[in-house]
Amino acid sequence: METPDPYLEPPETDDDWLQQQQQPRPARPLSGVWGWGGRLTWVSGLILTISAFTGWYAGGGQGVTTAVIGWHTGALGKLVFFVGLAVLALVALREAGIELPATVPESLIVIALGSLATIFVLIRIISIPDRYLPASGRGIGIWISLLAALLVIGAGLVRASEEL
């Protein structure tokens with residue numbers, strides 16, 4: 001003869017509210033409004049990278065107009081290029097399936113890179129190197145670089161809102 005089990009399992013209940021809380025939230029689709037952060041990140045990173053090869057300073061003497069590209073303005077012009085490449089590398093890594101640790105959100109890195117690029121470009125807007133004296137005016141390329149750096153910051157903020 002078998003003795004009765006002293007522990008009785010609780011009866012199953014059909015509490016829908018409990019089951020709904022345990023289900024994971026559906027992921028937001030990558031199309032439409034929620035995909036803007038990713039697209040804006042790689043587009044602004046590409047523009048920032050290319051803008052290092054546009055005319056940052058322009059000016060002229062007698063009949064000759066001189067233009068100096070960002071790459072030739074010293075270390076800051078090259079750093080703007082490499083910051084743009086770093087943004088593109090982050091996007092490429094994410095598309096390849098490699099994700100950063102959860103303690104380091106990707107949006108925070110994008111915002112930091114955009115801020116760094118903005119500081120570099122602002123230094124070159126305020127201070128024109130003396131060796132480019134005939135090119136004493138600012139060209140359209142430096143404004144494109146500033147806009148692209150600000151767009152990188154904006155892309156990071158949009159990505160941060162998508163992560164919430």
# chains A, B, ... in the order shown; residues from 1 in each chain; ligands from 1
call {"tool": "residues_around", "arguments": {"residues": "segment 71-85 of chain A", "least_positions_apart": "2", "cutoff": "6 Å", "atoms": "only C-alpha atoms", "output": "count of residues only"}}
result
10
call {"tool": "select_by_dssp", "arguments": {"residues": "segment 38-107 of chain A", "states": "alpha helix (DSSP H)", "output": "ChimeraX atom specification"}}
result
/A:38-51,75-95,106-107
call {"tool": "write_last_selection", "arguments": {"atoms": "C-alpha atoms", "output": "PDB file, in the first residue's frame"}}
result
ATOM      1  CA  GLY A  38      20.702  52.890 -37.650  1.00  0.00           C
ATOM      2  CA  ARG A  39      20.337  54.521 -41.036  1.00  0.00           C
ATOM      3  CA  LEU A  40      21.185  57.960 -39.708  1.00  0.00           C
ATOM      4  CA  THR A  41      24.264  56.553 -37.978  1.00  0.00           C
ATOM      5  CA  TRP A  42      25.846  55.070 -41.071  1.00  0.00           C
ATOM      6  CA  VAL A  43      24.845  57.952 -43.364  1.00  0.00           C
ATOM      7  CA  SER A  44      26.250  60.598 -41.009  1.00  0.00           C
ATOM      8  CA  GLY A  45      29.389  58.484 -40.416  1.00  0.00           C
ATOM      9  CA  LEU A  46      29.912  58.185 -44.169  1.00  0.00           C
ATOM     10  CA  ILE A  47      29.440  61.925 -44.693  1.00  0.00           C
ATOM     11  CA  LEU A  48      31.862  62.663 -41.841  1.00  0.00           C
ATOM     12  CA  THR A  49      34.472  60.337 -43.327  1.00  0.00           C
ATOM     13  CA  ILE A  50      34.176  61.807 -46.825  1.00  0.00           C
ATOM     14  CA  SER A  51      34.097  65.393 -45.550  1.00  0.00           C
ATOM     15  CA  ALA A  75      46.263  65.943 -37.136  1.00  0.00           C
ATOM     16  CA  LEU A  76      42.728  67.219 -36.483  1.00  0.00           C
ATOM     17  CA  GLY A  77      41.658  66.734 -40.096  1.00  0.00           C
ATOM     18  CA  LYS A  78      42.973  63.181 -40.049  1.00  0.00           C
ATOM     19  CA  LEU A  79      41.293  62.517 -36.699  1.00  0.00           C
ATOM     20  CA  VAL A  80      37.935  63.631 -38.122  1.00  0.00           C
ATOM     21  CA  PHE A  81      38.420  61.056 -40.884  1.00  0.00           C
ATOM     22  CA  PHE A  82      39.234  58.281 -38.401  1.00  0.00           C
ATOM     23  CA  VAL A  83      36.318  59.179 -36.127  1.00  0.00           C
ATOM     24  CA  GLY A  84      34.042  58.803 -39.157  1.00  0.00           C
ATOM     25  CA  LEU A  85      35.650  55.439 -39.886  1.00  0.00           C
ATOM     26  CA  ALA A  86      35.070  54.371 -36.272  1.00  0.00           C
ATOM     27  CA  VAL A  87      31.359  55.182 -36.613  1.00  0.00           C
ATOM     28  CA  LEU A  88      31.204  53.146 -39.817  1.00  0.00           C
ATOM     29  CA  ALA A  89      33.056  50.279 -38.103  1.00  0.00           C
ATOM     30  CA  LEU A  90      30.474  50.250 -35.290  1.00  0.00           C
ATOM     31  CA  VAL A  91      27.686  49.973 -37.853  1.00  0.00           C
ATOM     32  CA  ALA A  92      29.539  47.227 -39.753  1.00  0.00           C
ATOM     33  CA  LEU A  93      30.117  45.239 -36.565  1.00  0.00           C
ATOM     34  CA  ARG A  94      26.458  45.472 -35.632  1.00  0.00           C
ATOM     35  CA  GLU A  95      25.395  44.330 -39.103  1.00  0.00           C
ATOM     36  CA  GLU A 106      26.329  51.491 -28.719  1.00  0.00           C
ATOM     37  CA  SER A 107      24.356  54.727 -28.728  1.00  0.00           C
TER      38      SER A 107
END
call {"tool": "closest_residue", "arguments": {"among": "A:Val152, A:Gly35, A:Gly97, A:Gly60", "to": "Ser115 of chain A", "atoms": "only C-alpha atoms"}}
result
A:Val152
call {"tool": "atom_distance", "arguments": {"atom1": "atom CA of Ala160 of chain A", "atom2": "atom CA of Arg124 of chain A"}}
result
28.9 Å
call {"tool": "atom_distance", "arguments": {"atom1": "atom CA of Val121 of chain A", "atom2": "atom CA of Arg159 of chain A"}}
result
23.1 Å
call {"tool": "atom_distance", "arguments": {"atom1": "atom CA of Ala149 of chain A", "atom2": "atom CA of Gly55 of chain A"}}
result
16.1 Å
call {"tool": "select_by_dssp", "arguments": {"residues": "segment 31-105 of chain A", "states": "strand (DSSP E)", "output": "list in words"}}
result
Gly55, Trp56, Tyr57, Ala58, Gly59, Gly60, Thr65, Thr66, Ala67, Val68 and Ile69 of chain A
call {"tool": "decode", "arguments": {"residues": "segment 143-154 of chain A", "atoms": "all heavy atoms", "output": "compact mmCIF listing (two decimals), in the first residue's frame"}}
result
# COMPACT_ATOMS: atom_id res chain seq x y z
N TRP A 143 32.02 73.21 -43.10
CA TRP A 143 30.63 73.30 -42.62
C TRP A 143 29.92 71.96 -42.81
O TRP A 143 29.08 71.58 -41.98
CB TRP A 143 29.91 74.44 -43.31
CG TRP A 143 30.59 75.76 -43.11
CD1 TRP A 143 31.21 76.50 -44.05
CD2 TRP A 143 30.76 76.47 -41.87
NE1 TRP A 143 31.75 77.63 -43.48
CE2 TRP A 143 31.48 77.63 -42.14
CE3 TRP A 143 30.37 76.22 -40.55
CZ2 TRP A 143 31.83 78.55 -41.16
CZ3 TRP A 143 30.71 77.13 -39.57
CH2 TRP A 143 31.42 78.28 -39.88
N ILE A 144 30.25 71.26 -43.88
CA ILE A 144 29.71 69.91 -44.09
C ILE A 144 30.21 68.98 -42.98
O ILE A 144 29.45 68.17 -42.44
CB ILE A 144 30.08 69.37 -45.49
CG1 ILE A 144 29.37 70.19 -46.57
CG2 ILE A 144 29.76 67.89 -45.62
CD1 ILE A 144 29.82 69.87 -47.97
N SER A 145 31.49 69.11 -42.62
CA SER A 145 32.04 68.29 -41.53
C SER A 145 31.35 68.59 -40.21
O SER A 145 31.05 67.67 -39.44
CB SER A 145 33.54 68.55 -41.40
OG SER A 145 34.23 68.17 -42.54
N LEU A 146 31.10 69.87 -39.93
CA LEU A 146 30.42 70.23 -38.69
C LEU A 146 28.99 69.67 -38.67
O LEU A 146 28.55 69.11 -37.66
CB LEU A 146 30.40 71.75 -38.52
CG LEU A 146 29.74 72.26 -37.25
CD1 LEU A 146 30.48 71.77 -36.01
CD2 LEU A 146 29.66 73.78 -37.26
N LEU A 147 28.30 69.79 -39.78
CA LEU A 147 26.94 69.25 -39.87
C LEU A 147 26.93 67.74 -39.71
O LEU A 147 26.08 67.18 -38.99
CB LEU A 147 26.30 69.66 -41.19
CG LEU A 147 24.87 69.16 -41.41
CD1 LEU A 147 23.92 69.81 -40.41
CD2 LEU A 147 24.44 69.44 -42.83
N ALA A 148 27.90 67.06 -40.33
CA ALA A 148 27.97 65.60 -40.22
C ALA A 148 28.29 65.17 -38.78
O ALA A 148 27.72 64.20 -38.28
CB ALA A 148 29.02 65.04 -41.18
N ALA A 149 29.17 65.91 -38.11
CA ALA A 149 29.49 65.58 -36.72
C ALA A 149 28.27 65.77 -35.82
O ALA A 149 28.02 64.96 -34.93
CB ALA A 149 30.66 66.43 -36.24
N LEU A 150 27.51 66.82 -36.06
CA LEU A 150 26.29 67.04 -35.29
C LEU A 150 25.24 65.98 -35.61
O LEU A 150 24.47 65.57 -34.73
CB LEU A 150 25.74 68.44 -35.54
CG LEU A 150 26.60 69.59 -34.99
CD1 LEU A 150 26.06 70.93 -35.46
CD2 LEU A 150 26.71 69.52 -33.49
N LEU A 151 25.20 65.52 -36.85
CA LEU A 151 24.29 64.44 -37.22
C LEU A 151 24.66 63.12 -36.55
O LEU A 151 23.77 62.33 -36.21
CB LEU A 151 24.26 64.25 -38.74
CG LEU A 151 23.38 65.20 -39.53
CD1 LEU A 151 23.55 64.97 -41.03
CD2 LEU A 151 21.94 65.06 -39.13
N VAL A 152 25.95 62.89 -36.34
CA VAL A 152 26.38 61.68 -35.62
C VAL A 152 25.85 61.73 -34.19
O VAL A 152 25.36 60.73 -33.66
CB VAL A 152 27.91 61.52 -35.66
CG1 VAL A 152 28.38 60.43 -34.72
CG2 VAL A 152 28.38 61.21 -37.07
N ILE A 153 25.93 62.90 -33.55
CA ILE A 153 25.39 63.05 -32.20
C ILE A 153 23.88 62.80 -32.22
O ILE A 153 23.34 62.08 -31.37
CB ILE A 153 25.70 64.44 -31.62
CG1 ILE A 153 27.20 64.61 -31.43
CG2 ILE A 153 24.98 64.66 -30.31
CD1 ILE A 153 27.61 66.01 -31.03
N GLY A 154 23.20 63.39 -33.19
CA GLY A 154 21.75 63.18 -33.31
C GLY A 154 21.40 61.72 -33.55
O GLY A 154 20.42 61.21 -33.00
